[in-house]
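J.: The structure file start.cif (mmCIF, C-alpha atoms) is provided below.
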```
data_model
loop_
_atom_site.label_atom_id
_atom_site.label_comp_id
_atom_site.auth_asym_id
_atom_site.auth_seq_id
_atom_site.Cartn_x
_atom_site.Cartn_y
_atom_site.Cartn_z
CA MET A 1 13.48 17.48 -31.15
CA ARG A 2 13.33 20.78 -33.06
CA LEU A 3 9.55 21.19 -32.71
CA ALA A 4 9.68 20.20 -29.04
CA ASP A 5 12.40 22.79 -28.37
CA ARG A 6 10.28 25.53 -29.88
CA ALA A 7 7.15 24.38 -28.03
CA MET A 8 8.85 24.28 -24.64
CA PRO A 9 8.71 28.03 -23.72
CA VAL A 10 5.11 28.22 -24.95
CA LEU A 11 4.14 25.24 -22.79
CA LEU A 12 5.91 26.78 -19.83
CA VAL A 13 4.16 30.15 -20.19
CA VAL A 14 0.73 28.53 -20.63
CA ALA A 15 1.37 26.31 -17.60
CA ALA A 16 2.44 29.36 -15.53
CA VAL A 17 -0.72 31.27 -16.46
CA MET A 18 -2.91 28.24 -15.73
CA PHE A 19 -1.23 27.63 -12.37
CA ALA A 20 -1.68 31.30 -11.47
CA ALA A 21 -5.41 31.03 -12.21
CA ALA A 22 -5.85 27.59 -10.58
CA PRO A 23 -6.19 28.77 -6.93
CA PHE A 24 -9.11 31.04 -7.90
CA LEU A 25 -10.91 28.25 -9.73
CA ILE A 26 -10.30 25.81 -6.87
CA ASP A 27 -11.52 28.41 -4.41
CA ALA A 28 -14.68 29.00 -6.47
CA ALA A 29 -15.47 25.27 -6.66
CA PRO A 30 -18.07 24.11 -4.10
CA GLU A 31 -16.89 22.57 -0.87
CA GLU A 32 -17.36 18.83 -0.55
CA SER A 33 -20.04 18.09 2.06
CA THR A 34 -18.31 15.50 4.26
CA MET A 35 -14.59 16.34 3.95
CA GLY A 36 -14.90 20.11 3.68
CA LEU A 37 -11.94 22.27 2.79
CA VAL A 38 -9.35 19.50 2.88
CA GLN A 39 -10.93 17.87 -0.19
CA LYS A 40 -9.47 20.70 -2.28
CA ILE A 41 -6.06 19.00 -2.10
CA PHE A 42 -7.54 16.61 -4.64
CA TYR A 43 -7.20 19.23 -7.42
CA PHE A 44 -3.42 19.02 -7.19
CA HIS A 45 -3.01 15.52 -5.78
CA VAL A 46 -4.68 13.57 -8.58
CA PRO A 47 -3.08 15.44 -11.52
CA ALA A 48 0.34 15.03 -9.84
CA ALA A 49 -0.33 11.29 -9.48
CA MET A 50 -1.23 11.10 -13.19
CA MET A 51 2.05 12.81 -14.08
CA THR A 52 3.96 10.35 -11.88
CA PHE A 53 2.60 7.51 -13.98
CA ALA A 54 3.21 9.46 -17.20
CA GLY A 55 6.84 9.92 -16.13
CA ALA A 56 7.20 6.22 -15.40
CA PHE A 57 5.93 5.31 -18.86
CA ALA A 58 8.08 7.96 -20.54
CA CYS A 59 11.14 6.64 -18.70
CA GLY A 60 10.28 2.98 -19.39
CA LEU A 61 9.63 3.42 -23.10
CA ALA A 62 12.68 5.64 -23.59
CA SER A 63 14.83 3.16 -21.61
CA ALA A 64 13.64 0.30 -23.82
CA ALA A 65 14.45 2.37 -26.92
CA PHE A 66 17.91 3.11 -25.50
CA LEU A 67 18.59 -0.51 -24.55
CA TRP A 68 17.80 -1.96 -27.92
CA ARG A 69 18.63 0.95 -30.28
CA ARG A 70 21.37 2.74 -28.30
CA ARG A 71 20.19 6.22 -29.25
CA PRO A 72 21.68 8.66 -26.71
CA GLU A 73 18.62 10.97 -27.04
CA ALA A 74 16.44 8.15 -25.72
CA ASP A 75 18.67 7.91 -22.67
CA HIS A 76 18.38 11.65 -22.02
CA LEU A 77 14.59 11.40 -22.28
CA ALA A 78 14.57 8.43 -19.88
CA LEU A 79 16.56 10.39 -17.31
CA ALA A 80 14.15 13.33 -17.62
CA GLY A 81 11.19 10.94 -17.17
CA ALA A 82 12.72 9.34 -14.07
CA GLU A 83 13.42 12.71 -12.45
CA LEU A 84 9.84 13.78 -13.09
CA VAL A 85 8.54 10.60 -11.45
CA VAL A 86 10.54 11.49 -8.37
CA LEU A 87 9.46 15.16 -8.47
CA PHE A 88 5.72 14.59 -8.99
CA GLY A 89 5.91 11.59 -6.68
CA VAL A 90 7.05 13.89 -3.88
CA ILE A 91 4.01 16.11 -4.52
CA VAL A 92 1.71 13.07 -4.41
CA LEU A 93 3.33 11.59 -1.31
CA VAL A 94 3.16 14.92 0.55
CA THR A 95 -0.38 15.97 -0.42
CA GLY A 96 -1.80 12.45 0.06
CA PRO A 97 -0.96 12.07 3.79
CA LEU A 98 -2.12 15.65 4.44
CA TRP A 99 -5.54 14.67 3.11
CA ALA A 100 -5.49 11.22 4.73
CA ARG A 101 -4.82 12.69 8.19
CA LYS A 102 -8.12 14.56 7.93
CA ALA A 103 -10.20 12.01 5.99
CA TRP A 104 -8.94 8.71 7.47
CA GLY A 105 -7.43 9.97 10.71
CA VAL A 106 -3.98 8.54 9.90
CA TRP A 107 -1.06 9.80 7.84
CA TRP A 108 -0.45 6.56 6.03
CA GLN A 109 -2.36 3.40 5.20
CA TRP A 110 -0.93 0.30 3.55
CA ASP A 111 -3.47 0.66 0.83
CA ALA A 112 -3.08 -0.47 -2.79
CA ARG A 113 -2.63 2.91 -4.40
CA LEU A 114 -0.44 4.29 -1.64
CA THR A 115 1.82 1.27 -1.74
CA ILE A 116 2.16 1.25 -5.51
CA THR A 117 2.95 4.97 -5.60
CA LEU A 118 5.59 4.53 -2.92
CA VAL A 119 7.12 1.46 -4.61
CA MET A 120 7.19 3.13 -7.99
CA TRP A 121 8.71 6.26 -6.51
CA MET A 122 11.39 4.09 -4.86
CA VAL A 123 12.15 2.27 -8.13
CA PHE A 124 12.85 5.58 -9.82
CA VAL A 125 14.83 6.90 -6.87
CA SER A 126 16.96 3.76 -7.19
CA TYR A 127 17.26 4.54 -10.93
CA MET A 128 18.71 7.93 -10.04
CA LEU A 129 20.98 6.50 -7.34
CA LEU A 130 22.29 3.98 -9.86
CA ARG A 131 23.05 6.72 -12.36
CA ARG A 132 24.62 8.92 -9.73
CA PHE A 133 26.84 6.34 -8.03
CA GLY A 134 27.12 3.54 -10.60
CA GLY A 135 30.15 5.00 -12.35
CA PRO A 136 30.80 4.84 -16.10
CA GLY A 137 28.32 2.80 -18.16
CA SER A 138 25.62 3.07 -15.53
CA GLU A 139 23.13 4.56 -18.01
CA VAL A 140 22.73 1.13 -19.62
CA LEU A 141 22.15 -0.48 -16.23
CA ALA A 142 19.72 2.28 -15.27
CA ALA A 143 17.83 1.67 -18.51
CA ALA A 144 17.15 -1.92 -17.38
CA VAL A 145 15.78 -0.54 -14.10
CA GLY A 146 13.62 1.89 -16.09
CA VAL A 147 12.14 -0.93 -18.19
CA PHE A 148 11.45 -3.05 -15.09
CA GLY A 149 9.99 -0.04 -13.31
CA MET A 150 7.48 0.53 -16.10
CA VAL A 151 6.49 -3.15 -16.38
CA LEU A 152 6.19 -3.33 -12.60
CA VAL A 153 3.38 -0.76 -12.40
CA PRO A 154 0.43 -3.03 -13.30
CA PHE A 155 1.84 -5.87 -11.20
CA VAL A 156 2.34 -3.96 -8.01
CA TYR A 157 -1.12 -2.58 -8.61
CA LEU A 158 -2.61 -6.06 -9.00
CA SER A 159 -0.82 -7.47 -5.97
CA VAL A 160 -1.67 -4.68 -3.56
CA HIS A 161 -5.21 -4.49 -4.89
CA LEU A 162 -5.71 -8.13 -3.94
CA TRP A 163 -4.21 -7.34 -0.58
CA ARG A 164 -6.41 -4.46 0.54
CA THR A 165 -7.69 -1.11 -0.63
CA ILE A 166 -9.53 1.83 0.93
CA HIS A 167 -8.35 4.61 -1.37
CA PRO A 168 -11.09 6.34 -3.40
CA THR A 169 -11.33 4.73 -6.85
CA THR A 170 -10.94 6.39 -10.23
CA ASN A 171 -14.76 6.41 -10.55
CA VAL A 172 -14.68 9.51 -8.36
CA ILE A 173 -13.50 11.58 -11.32
CA ARG A 174 -16.43 10.57 -13.54
CA SER A 175 -18.94 11.24 -10.76
CA LEU A 176 -17.76 14.82 -10.16
CA PRO A 177 -20.41 17.53 -10.55
CA PRO A 178 -19.54 19.99 -13.37
CA GLU A 179 -18.57 22.82 -11.02
CA MET A 180 -15.88 20.56 -9.54
CA ARG A 181 -14.99 18.82 -12.80
CA TRP A 182 -13.88 21.98 -14.62
CA PRO A 183 -11.34 23.14 -12.00
CA PHE A 184 -10.06 19.57 -11.89
CA LEU A 185 -9.63 19.38 -15.67
CA TRP A 186 -7.99 22.83 -15.61
CA CYS A 187 -5.44 21.62 -13.05
CA THR A 188 -4.84 18.39 -14.96
CA VAL A 189 -4.08 20.31 -18.16
CA ALA A 190 -1.83 22.73 -16.24
CA PHE A 191 0.10 19.81 -14.76
CA LEU A 192 0.32 18.16 -18.18
CA PHE A 193 1.82 21.30 -19.77
CA LEU A 194 4.25 21.69 -16.89
CA PHE A 195 5.21 18.02 -17.20
CA ALA A 196 5.80 18.31 -20.96
CA ALA A 197 7.82 21.51 -20.57
CA LEU A 198 10.01 20.04 -17.83
CA LEU A 199 10.49 16.79 -19.75
CA ILE A 200 11.69 18.62 -22.85
CA ALA A 201 13.87 21.05 -20.90
CA ARG A 202 15.53 18.33 -18.82
CA ALA A 203 16.17 16.06 -21.82
CA ARG A 204 17.67 19.00 -23.70
CA LEU A 205 19.87 19.92 -20.74
CA GLU A 206 21.16 16.35 -20.62
CA THR A 207 21.84 16.34 -24.35
CA ALA A 208 23.78 19.60 -23.98
CA ARG A 209 25.71 18.19 -21.01
CA ALA A 210 26.65 15.09 -23.01
CA ALA A 211 27.78 17.26 -25.94
CA LEU A 212 29.91 19.37 -23.59
CA GLU A 213 31.49 16.26 -22.14
CA ARG A 214 32.32 15.00 -25.64
CA ALA A 215 33.86 18.37 -26.46
CA TYR A 216 36.01 18.22 -23.32
CA LEU A 217 37.19 14.73 -24.18
CA ALA A 218 37.98 15.81 -27.76
CA LEU A 219 40.01 18.73 -26.42
CA GLU A 220 42.01 16.52 -24.06
CA ASP A 221 42.89 13.98 -26.75
CA MET B 1 24.87 -26.73 -28.35
CA SER B 2 21.34 -26.02 -27.29
CA LEU B 3 20.58 -23.20 -24.89
CA LEU B 4 19.61 -25.50 -22.06
CA ARG B 5 22.72 -27.62 -22.45
CA VAL B 6 24.98 -24.54 -22.24
CA ALA B 7 22.98 -23.24 -19.30
CA TRP B 8 23.39 -26.54 -17.50
CA LEU B 9 27.16 -26.55 -18.13
CA ILE B 10 27.48 -23.07 -16.65
CA ALA B 11 25.32 -23.96 -13.66
CA ARG B 12 27.35 -27.13 -13.13
CA LYS B 13 30.57 -25.12 -13.20
CA ASP B 14 29.17 -22.76 -10.55
CA LEU B 15 27.98 -25.62 -8.39
CA LEU B 16 31.33 -27.40 -8.72
CA VAL B 17 33.19 -24.28 -7.59
CA GLU B 18 30.74 -24.01 -4.73
CA ALA B 19 31.01 -27.68 -3.78
CA ARG B 20 34.79 -27.30 -3.46
CA SER B 21 34.79 -24.18 -1.30
CA ARG B 22 31.30 -24.33 0.27
CA GLU B 23 31.83 -20.61 0.88
CA LEU B 24 28.46 -19.34 -0.36
CA ALA B 25 26.31 -22.11 1.06
CA SER B 26 27.73 -21.91 4.56
CA THR B 27 27.87 -18.10 4.85
CA THR B 28 24.45 -17.57 3.25
CA LEU B 29 22.85 -20.19 5.44
CA PHE B 30 24.39 -18.80 8.60
CA PHE B 31 23.31 -15.31 7.63
CA ALA B 32 19.75 -16.49 6.98
CA VAL B 33 19.55 -18.12 10.41
CA ALA B 34 21.10 -15.05 12.05
CA SER B 35 18.50 -12.77 10.46
CA VAL B 36 15.74 -15.12 11.66
CA LEU B 37 17.12 -14.65 15.18
CA VAL B 38 17.18 -10.87 14.82
CA PHE B 39 13.52 -10.93 13.78
CA ALA B 40 12.66 -13.23 16.63
CA PHE B 41 14.14 -10.76 19.12
CA ALA B 42 12.29 -7.91 17.41
CA LEU B 43 8.89 -9.61 17.36
CA VAL B 44 8.64 -12.06 20.27
CA ARG B 45 6.22 -10.96 23.02
CA ASP B 46 5.67 -13.13 26.11
CA GLY B 47 7.57 -16.02 24.60
CA ALA B 48 5.61 -16.22 21.33
CA VAL B 49 5.48 -14.39 18.01
CA PRO B 50 2.31 -12.87 16.50
CA ALA B 51 0.38 -15.35 14.32
CA ASP B 52 1.32 -13.64 11.04
CA ALA B 53 5.01 -13.31 11.81
CA PRO B 54 6.55 -16.66 10.73
CA ALA B 55 5.63 -16.16 7.05
CA GLY B 56 7.13 -12.68 7.10
CA ILE B 57 10.27 -13.80 8.93
CA LEU B 58 10.77 -16.64 6.45
CA TRP B 59 10.49 -14.41 3.38
CA VAL B 60 12.63 -11.61 4.76
CA ALA B 61 15.32 -14.17 5.60
CA ILE B 62 15.07 -15.56 2.06
CA ALA B 63 15.31 -12.09 0.50
CA PHE B 64 18.27 -11.03 2.68
CA SER B 65 20.26 -14.22 2.25
CA GLY B 66 19.42 -14.29 -1.47
CA THR B 67 20.89 -10.81 -1.88
CA LEU B 68 24.02 -11.87 -0.06
CA ALA B 69 24.40 -14.95 -2.28
CA LEU B 70 23.82 -12.89 -5.43
CA GLY B 71 26.45 -10.32 -4.56
CA ARG B 72 29.02 -12.94 -3.66
CA ALA B 73 28.28 -15.23 -6.63
CA PHE B 74 29.06 -12.43 -9.05
CA GLU B 75 31.97 -11.07 -7.04
CA ARG B 76 33.56 -14.45 -7.67
CA GLU B 77 33.10 -13.98 -11.42
CA ARG B 78 34.68 -10.54 -11.24
CA GLN B 79 37.86 -11.44 -9.40
CA SER B 80 39.64 -12.98 -12.35
CA GLU B 81 37.41 -11.47 -15.03
CA THR B 82 35.72 -14.82 -15.57
CA LEU B 83 32.39 -13.18 -16.36
CA ARG B 84 34.05 -11.54 -19.35
CA ALA B 85 35.37 -14.94 -20.40
CA LEU B 86 31.87 -16.37 -20.09
CA LEU B 87 30.43 -13.56 -22.18
CA LEU B 88 33.17 -13.98 -24.79
CA SER B 89 32.53 -17.69 -25.16
CA PRO B 90 30.74 -18.55 -28.42
CA VAL B 91 27.36 -19.28 -26.84
CA GLU B 92 24.12 -17.38 -26.76
CA ARG B 93 24.07 -14.68 -24.07
CA PRO B 94 20.71 -15.72 -22.61
CA ALA B 95 22.21 -19.17 -21.96
CA VAL B 96 24.74 -17.53 -19.62
CA TYR B 97 21.88 -15.85 -17.80
CA VAL B 98 19.90 -19.07 -17.47
CA GLY B 99 22.99 -20.92 -16.24
CA LYS B 100 23.75 -18.38 -13.52
CA LEU B 101 20.08 -18.29 -12.54
CA LEU B 102 19.93 -22.09 -12.31
CA ALA B 103 22.98 -22.29 -10.05
CA LEU B 104 21.63 -19.56 -7.79
CA LEU B 105 18.22 -21.24 -7.60
CA LEU B 106 19.78 -24.53 -6.53
CA LEU B 107 21.86 -22.74 -3.90
CA MET B 108 18.86 -20.85 -2.53
CA ALA B 109 16.81 -24.05 -2.54
CA GLY B 110 19.50 -25.65 -0.41
CA VAL B 111 19.41 -22.77 2.05
CA GLU B 112 15.61 -22.86 2.19
CA ALA B 113 15.64 -26.60 2.82
CA VAL B 114 17.33 -25.81 6.15
CA LEU B 115 15.68 -22.46 6.82
CA VAL B 116 12.04 -23.62 6.53
CA PRO B 117 12.34 -26.37 9.17
CA ILE B 118 14.17 -23.94 11.47
CA VAL B 119 11.33 -21.41 11.19
CA ALA B 120 8.84 -24.24 11.79
CA LEU B 121 10.78 -25.39 14.82
CA LEU B 122 11.32 -21.99 16.42
CA PHE B 123 7.94 -20.41 15.71
CA GLY B 124 5.65 -23.41 15.43
CA ALA B 125 4.80 -22.77 11.77
CA PRO B 126 2.71 -25.71 10.47
CA ILE B 127 4.81 -26.62 7.43
CA GLY B 128 3.30 -30.10 7.22
CA ARG B 129 -0.20 -28.76 6.67
CA ALA B 130 -0.04 -28.26 2.92
CA PRO B 131 3.52 -29.21 1.96
CA TRP B 132 3.01 -29.07 -1.80
CA LEU B 133 1.35 -25.68 -1.72
CA LEU B 134 4.12 -24.33 0.52
CA PHE B 135 6.73 -25.86 -1.77
CA ALA B 136 5.10 -24.28 -4.82
CA LEU B 137 4.93 -20.86 -3.13
CA LEU B 138 8.59 -21.04 -2.11
CA ALA B 139 9.71 -22.29 -5.54
CA THR B 140 7.84 -19.65 -7.54
CA GLY B 141 8.73 -16.86 -5.11
CA THR B 142 12.41 -17.77 -5.13
CA LEU B 143 12.39 -18.00 -8.93
CA GLY B 144 10.88 -14.53 -9.25
CA PHE B 145 13.37 -13.02 -6.79
CA ALA B 146 16.36 -14.79 -8.32
CA ALA B 147 15.32 -13.96 -11.90
CA VAL B 148 15.48 -10.22 -11.27
CA GLY B 149 18.39 -10.57 -8.86
CA THR B 150 20.58 -12.46 -11.33
CA LEU B 151 20.01 -9.84 -14.02
CA PHE B 152 20.83 -6.92 -11.74
CA ALA B 153 23.75 -8.60 -10.00
CA ALA B 154 25.23 -9.52 -13.39
CA MET B 155 24.96 -6.02 -14.76
CA LEU B 156 26.22 -4.39 -11.56
CA VAL B 157 29.47 -6.40 -11.75
CA ARG B 158 31.03 -3.54 -13.71
CA ALA B 159 29.46 -0.73 -11.69
CA ARG B 160 31.02 1.24 -8.90
CA SER B 161 29.67 0.73 -5.34
CA ARG B 162 27.85 -2.43 -6.52
CA ASP B 163 27.50 -3.88 -3.00
CA VAL B 164 25.22 -1.03 -1.99
CA LEU B 165 23.45 -0.68 -5.30
CA LEU B 166 22.28 -4.30 -5.59
CA PRO B 167 19.78 -4.18 -2.69
CA VAL B 168 18.88 -0.57 -3.54
CA VAL B 169 17.84 -1.59 -7.04
CA LEU B 170 16.57 -5.09 -6.31
CA TYR B 171 14.23 -4.61 -3.34
CA PRO B 172 11.74 -2.12 -4.81
CA ILE B 173 11.47 -4.26 -7.95
CA ALA B 174 11.08 -7.49 -5.99
CA VAL B 175 8.20 -6.03 -3.93
CA PRO B 176 5.35 -7.83 -5.76
CA VAL B 177 7.12 -11.18 -5.28
CA ILE B 178 7.64 -10.52 -1.57
CA ILE B 179 4.02 -9.41 -1.07
CA ALA B 180 2.63 -12.46 -2.88
CA GLY B 181 5.05 -14.84 -1.11
CA VAL B 182 4.32 -13.49 2.36
CA ARG B 183 0.54 -13.32 1.85
CA GLY B 184 0.34 -16.81 0.33
CA THR B 185 2.52 -18.36 3.02
CA SER B 186 0.70 -16.67 5.87
CA ALA B 187 -2.62 -17.90 4.40
CA VAL B 188 -1.21 -21.44 4.71
CA PHE B 189 0.24 -20.84 8.20
CA ALA B 190 -2.86 -19.09 9.62
CA ALA B 191 -4.80 -20.63 12.50
CA GLU B 192 -7.68 -21.09 10.04
CA PRO B 193 -5.85 -21.84 6.80
CA ASP B 194 -7.23 -20.19 3.68
CA PHE B 195 -6.04 -22.44 0.84
CA ALA B 196 -8.13 -20.68 -1.80
CA SER B 197 -6.37 -17.38 -1.16
CA ALA B 198 -2.99 -19.13 -1.01
CA GLN B 199 -3.72 -20.55 -4.45
CA THR B 200 -4.64 -17.08 -5.77
CA TRP B 201 -1.28 -15.78 -4.56
CA LEU B 202 0.44 -18.76 -6.14
CA THR B 203 -1.19 -17.91 -9.47
CA MET B 204 0.07 -14.35 -9.07
CA LEU B 205 3.58 -15.62 -8.40
CA VAL B 206 3.48 -17.76 -11.55
CA LEU B 207 2.40 -14.67 -13.48
CA PHE B 208 5.24 -12.57 -12.00
CA ASP B 209 7.73 -15.31 -12.79
CA ALA B 210 6.61 -15.50 -16.40
CA VAL B 211 6.94 -11.73 -16.83
CA PHE B 212 10.17 -11.30 -14.83
CA VAL B 213 11.98 -14.22 -16.46
CA THR B 214 10.92 -13.18 -19.96
CA LEU B 215 11.91 -9.57 -19.39
CA ALA B 216 15.24 -10.45 -17.76
CA PHE B 217 15.91 -12.91 -20.59
CA TRP B 218 15.40 -10.11 -23.15
CA THR B 219 17.31 -7.43 -21.26
CA PHE B 220 20.34 -9.56 -20.42
CA GLU B 221 21.73 -9.39 -23.95
CA PRO B 222 21.63 -5.58 -24.48
CA VAL B 223 22.71 -4.87 -20.91
CA MET B 224 25.72 -7.14 -20.98
CA SER B 225 27.00 -6.21 -24.45
CA ASP B 226 29.38 -3.29 -24.70
#
```
Output the structure of this file as structure tokens.

T.:
Amino acid sequence: MRLADRAMPVLLVVAAVMFAAAPFLIDAAPEESTMGLVQKIFYFHVPAAMMTFAGAFACGLASAAFLWRRRPEADHLALAGAELVVLFGVIVLVTGPLWARKAWGVWWQWDARLTITLVMWMVFVSYMLLRRFGGPGSEVLAAAVGVFGMVLVPFVYLSVHLWRTIHPTTNVIRSLPPEMRWPFLWCTVAFLFLFAALLIARARLETARAALERAYLALED
Amino acid sequence: MSLLRVAWLIARKDLLVEARSRELASTTLFFAVASVLVFAFALVRDGAVPADAPAGILWVAIAFSGTLALGRAFERERQSETLRALLLSPVERPAVYVGKLLALLLLMAGVEAVLVPIVALLFGAPIGRAPWLLFALLATGTLGFAAVGTLFAAMLVRARSRDVLLPVVLYPIAVPVIIAGVRGTSAVFAAEPDFASAQTWLTMLVLFDAVFVTLAFWTFEPVMSD
């Protein structure tokens, strides 16, 4: 944790600088011929979606570690991961419909990727509700939800993919011309740094909160 | 004692309690039929429902009544701390899980045995068209739903506001099972039945079951030990 603590402010500063520069790069990138200006949402939408999945895996793996090893740090990391799924999920679920309204003519489609993002977001919202209202011991129960949430990702994907899909596929990223690829990669790295910084900061906050609670209890005894 | 033997003893205990009171079976069944009626009022146009609706109505009724049964089945174990007694008994923890799951499955099967003909009767769903395929879809779908449901209902026994939290936690996770169940069943019920696609969905359900049951089996022990 020591190294991560020291890296956190650096990550945050780098992310801030990159985010400050991102609008200029996105502006300089060529406009897509059919969708026009609205396509530029993509530079924030896709990286945010990637971070949503990263958060789900962070929460799932940390939850599994907490369930079977009972290390409190793992639980704090899982909570941070779950909150980031909800946070970046909101970004995805807001930017997506904004684009879809222009490109598809509707705000929402029951498409594979849309459905899986919504379901995953709901699983991690339920994780947070469970922690918030479950009472004492709910972190163990939430950990089970975290593990199921992570395992669920490929399955929801498979099931909705069989159902129907109209969302652009991941091949889009490989087919980008270089002048669009670089701003996209820039944004992805910026989001990744922000994600890492927030993950570390939130896990550390939770560790500090738990320590404070222990200190209170020790004082009362 | 082997795991299956212990599981059967626990399931038999649950079923015996149920057979004496008939509380769960009667309330769950009535609730399932009532929710079918609510959906009928929501969906019926000009005296008939849309072609896709019966499959959806059936699965929503199964999911709703299953949640009700889950909550109540574990509330019963909480009242006189009998779940603690079960967990303290010198048997493997997963056996307790399998036993509770088995009892719930039999209860839900009983409810479905009445619910399916009612849906067929009220909405003209052709349940006689491919009875084995329909049976397999219902059995695998119910197993997947109950496998996750039993785990979460068991662990929520000690949580605050458990009545609200069970559906909150269970429904998003049960989504793949519901999608596969509804799609498979509506492929069977469609005016031009598509058995190939129904079989694909059945394969998916078997896959979900394998993963959900295995995962719940593993997680039950660490979640229930304190």

J.: Looking at B:Ala42, B:Val148, B:Leu166, B:Ala85, which one is nearest to Tyr127 in chain A, with distances taken over only C-alpha atoms?

T.: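 Distance minimum relative to Tyr127 in chain A lands on B:Leu166.
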
J.: Set the cut-off to 6 Å and count only C-alpha atoms: what are the residues of chain B that reach chain A? Output as an mmCIF file with C-alpha atoms, in the frame of the given file.

T.:
```
data_model
loop_
_atom_site.group_PDB
_atom_site.id
_atom_site.type_symbol
_atom_site.label_atom_id
_atom_site.label_comp_id
_atom_site.auth_asym_id
_atom_site.auth_seq_id
_atom_site.Cartn_x
_atom_site.Cartn_y
_atom_site.Cartn_z
ATOM 1 C CA ALA B 159 29.460 -0.730 -11.690
ATOM 2 C CA ARG B 160 31.020 1.240 -8.900
ATOM 3 C CA VAL B 168 18.880 -0.570 -3.540
ATOM 4 C CA VAL B 169 17.840 -1.590 -7.040
ATOM 5 C CA PRO B 172 11.740 -2.120 -4.810
ATOM 6 C CA PRO B 176 5.350 -7.830 -5.760
ATOM 7 C CA PRO B 222 21.630 -5.580 -24.480
#
```

J.: Measuring atom to atom with all atoms listed in the file, identify which of B:Ala120, B:Ala191, B:Ala69, B:Ala180 is nearest to Ala32 in chain B.

T.: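 The answer is B:Ala69, which sits nearest to Ala32 in chain B.
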
J.: Looking at only C-alpha atoms, which of A:Gly89, A:Gly36, A:Pro47, A:Gly55 is the one that sits closest to Lys102 in chain A?

T.: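 Smallest separation from Lys102 in chain A among the options: A:Gly36.
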
J.: Once the PyMOL selection byres ((chain B and resi 7-15) around 10) is applied to the coordinates I shared, what remains selected? I want it as a VMD selection string.

T.: chain B and resid 1 to 6 16 to 22 73 76 to 77 86 91 to 107

J.: Point out the residue among B:Ala63, B:Ala147, B:Leu24, B:Leu137 with the least atom-to-atom distance to Thr203 in chain B, counting all atoms listed in the file.

T.: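 The shortest atom-to-atom distance to Thr203 in chain B comes from B:Leu137.
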
J.: Please evaluate the PyMOL selection byres ((chain A and resi 43) around 8) against the structure above and give the resulting residues as a list in words.

T.: Ile26, Lys40, Ile41, Phe42, Phe44, His45, Val46, Pro47, Pro183, Phe184, Cys187 and Thr188 of chain A

J.: Evaluate the PyMOL selection byres ((chain A and resi 191-199) around 7) against this structure - the residues, as number ranges by chain, please.

T.: A: 8, 11-12, 15, 47-48, 51, 80-81, 187-190, 200-203
